[in-house]
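A.B. asks: Sharing a structure below in structure tokens format, with a few things to ask.
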Amino acid sequence: MREFLQKKSSQYLRGKNIERVSIIVENRSAEFLTRATKLKELKEAGVNPYPNDFKPETTASEVVRGFGALTKEELEAKRHPVCIAGRIMAIRDFGKASFIQIQDMSGRLQAYIKKDFLGEDGYALFKKCDMGDIVGVGGTLFRTRTNELTIEVTALRLLSKGLHPLPEKWHGLTDVEARYRQRYLDIMVNPEVKEVFLKRSMIVQYIREFLTSRDYIEVETPMLQPIPGGAAAKPFKTYHNALSMELYMRIAPELYLKRLVIGGLERVFEINRNFRNEGISTQHNPEFTMLEFYQAYATFEDLMDLTEELVSALVIKIHGRLKISYQGQELDFTPPWTRISVYDAIRKYANAPEEIFTNKAKALEFSKKLGIEVAPGLSHGKVLIEIFENTAEHRFSQPTFVTLYPLDVSPLSRKNEKDPSLVDRFELLIAGREIANAFSELNDPVDQRERFEGQLNERAAGDIEAHEMDEDYVRALEYGMPPTAGEGIGIDRLVMLLTDSPSIRDVILFPQLKK
RNA sequence: GAGCCGCUAGCUCAGAUGGUAGAGCAUCUGCCUUUUAAGCAGGUGGCCCCGGGUUCGAGUCCCGGGCGGCUCACCA
């Protein structure tokens, strides 16, 4: 068969009006070659295996919605014509008649192929079809003996010949690596996977509606940035040839969005990719989707209210109720959510002496006692955050706003009026994970410049993730930014929670893999 | 980056102690015009992830490598 196909392929290539066929024959499965032979035979019989003139008139689920309630007798009386297209996901062959399952984007519908209806030629064409082929069918609706709504097919078109066999019909595709690398198969045969990405789409769409209905406008800011700012993270570096300049894939859009607020776009949001050159895990992908939004004349406290409203509405939207299960634990999104300061969280969970909050040496001593490895040059606030993350953070499984972060871990946040060693900031923790990060924005350009300088010192002291000086951003602030609050929400992690997905790779269509 | 686990037919998986590579689904042939993982009978199909080593003999044991998963570290 191999030689035969090779010969035929080269003949096709030499032929003038014959469609070019170039099938790599080596290292193919027997089934691939069988299907390729069918493909060749179809072409030789004058059948175009890849036509593009077929227009389905409806979808599988639309048919079920429209006629699923009708009885056998009502359907027979009506003889309602339908025309759908989709992939053959099952064939149950009886010789001169067959049942097939046709799957389109909306769902599946059974079709009944009978020689009597299709005729010799039509049925011969059907016999050249395999599982995984895409077909268009027309016919009338009826119910089988087992009462399944089914199309009695009177016309069949092959719309796309599939050359590879599909994964197993019962177990689907379970090999994790294959699922990620060939996500199209995963979506094709594993309905629950498709469901996750439909929900992801619904979530993003709802967020857009939620914000735009509150007079936010959606914007897009640079992915390629000369100074990677807005977060503490290692960036990807790249190079623009024509400009002869180094650029960075953005780690956050923050500083650009705030420039827009300065310009008068008082409510802006962006849902887009961030890139961070760091480790990969069940909660980290090198590129991930972030929602960031900024609202002038608001504070971080206003955003807590807004976040509560947005996320609980999303939970309702996806689950229909406020108590959901995530990986076996129950999460209750009923507002209001607990609000607790970082220091109080440490007091509650770390059993720490009070002096650690005012005395860096005491804080270092305490962190050493906890067995936390602390880099020598770390600032007081960072040591406290280390203590918080190691003792308290993972304890917050229910939605919790943790507020009032140390100044030196928040170089872009506004100082707290009562305690200028803290900033007006919160993180939203759910299931022990950071889902959102927000603060009242620092809009004092003098203070901002000093903070950047402080970051430069930390950089010099060896913290490669410390923020860089962004003169252009400071200049923008010097024009005056209205008092503003801003927030970032990790969309992937939010989708994980709402779809009960254990890994971020389950909610990213094409997660980063080696090779 | 470290530790643990995995990689066998297109897919899902078996292959104690080293001794001629197996099943189910898919595919092929035959039968079957209302099935639901349709059924019955018979067949085809393998660089056992790659490379070394031990051994008369390696899918199996040892060493190195690749890819993936989980945990940890870094981070969101």
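Please note that chains go A, B, ... in the order of the structure tokens, that every chain numbers its residues from 1, and that ligands are numbered from 1 in the order shown.
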Return the neighbours of chain B among the residues of chain A, cut-off 8 Å, counting only C-alpha atoms (C1' of nucleotides), as a PyMOL selection string.
C.D. replies: chain A and resi 29-31+92+94-99+114-115+144-146+164-173+176-177+233+278-279+284+434-435+490+514
A.B. asks: Please identify all polymer residues within 12 Å of Lys72 (chain A), counting only C-alpha atoms (C1' of nucleotides), omitting same-chain residues fewer than 3 positions from it, and present them as a VMD selection string.
C.D. replies: chain A and resid 67 to 69 75 to 79 141 to 150
A.B. asks: Pick from A:Ala178, A:Ile430, A:Val409, A:Leu422: nearest to Phe452 (chain A), with only C-alpha atoms counted?
C.D. replies: A:Val409
A.B. asks: Calculate how many Å separate C1' of G43 (chain B) from CA of Asp93 (chain A), rounding to one decimal.
C.D. replies: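 Here the two named atoms are 19.0 Å from each other.
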A.B. asks: Rounded to one decimal place, report the CA of Val495 (chain A)-CA of Lys515 (chain A) distance in Å.
C.D. replies: 27.0 Å
A.B. asks: Tell me which protein, DNA and RNA residues are within 10 Å of A14 (chain B), counting only C-alpha atoms (C1' of nucleotides), leaving out same-chain ones fewer than 4 positions away, and put them as a list in words.
C.D. replies: U8, G22 and A23 of chain B
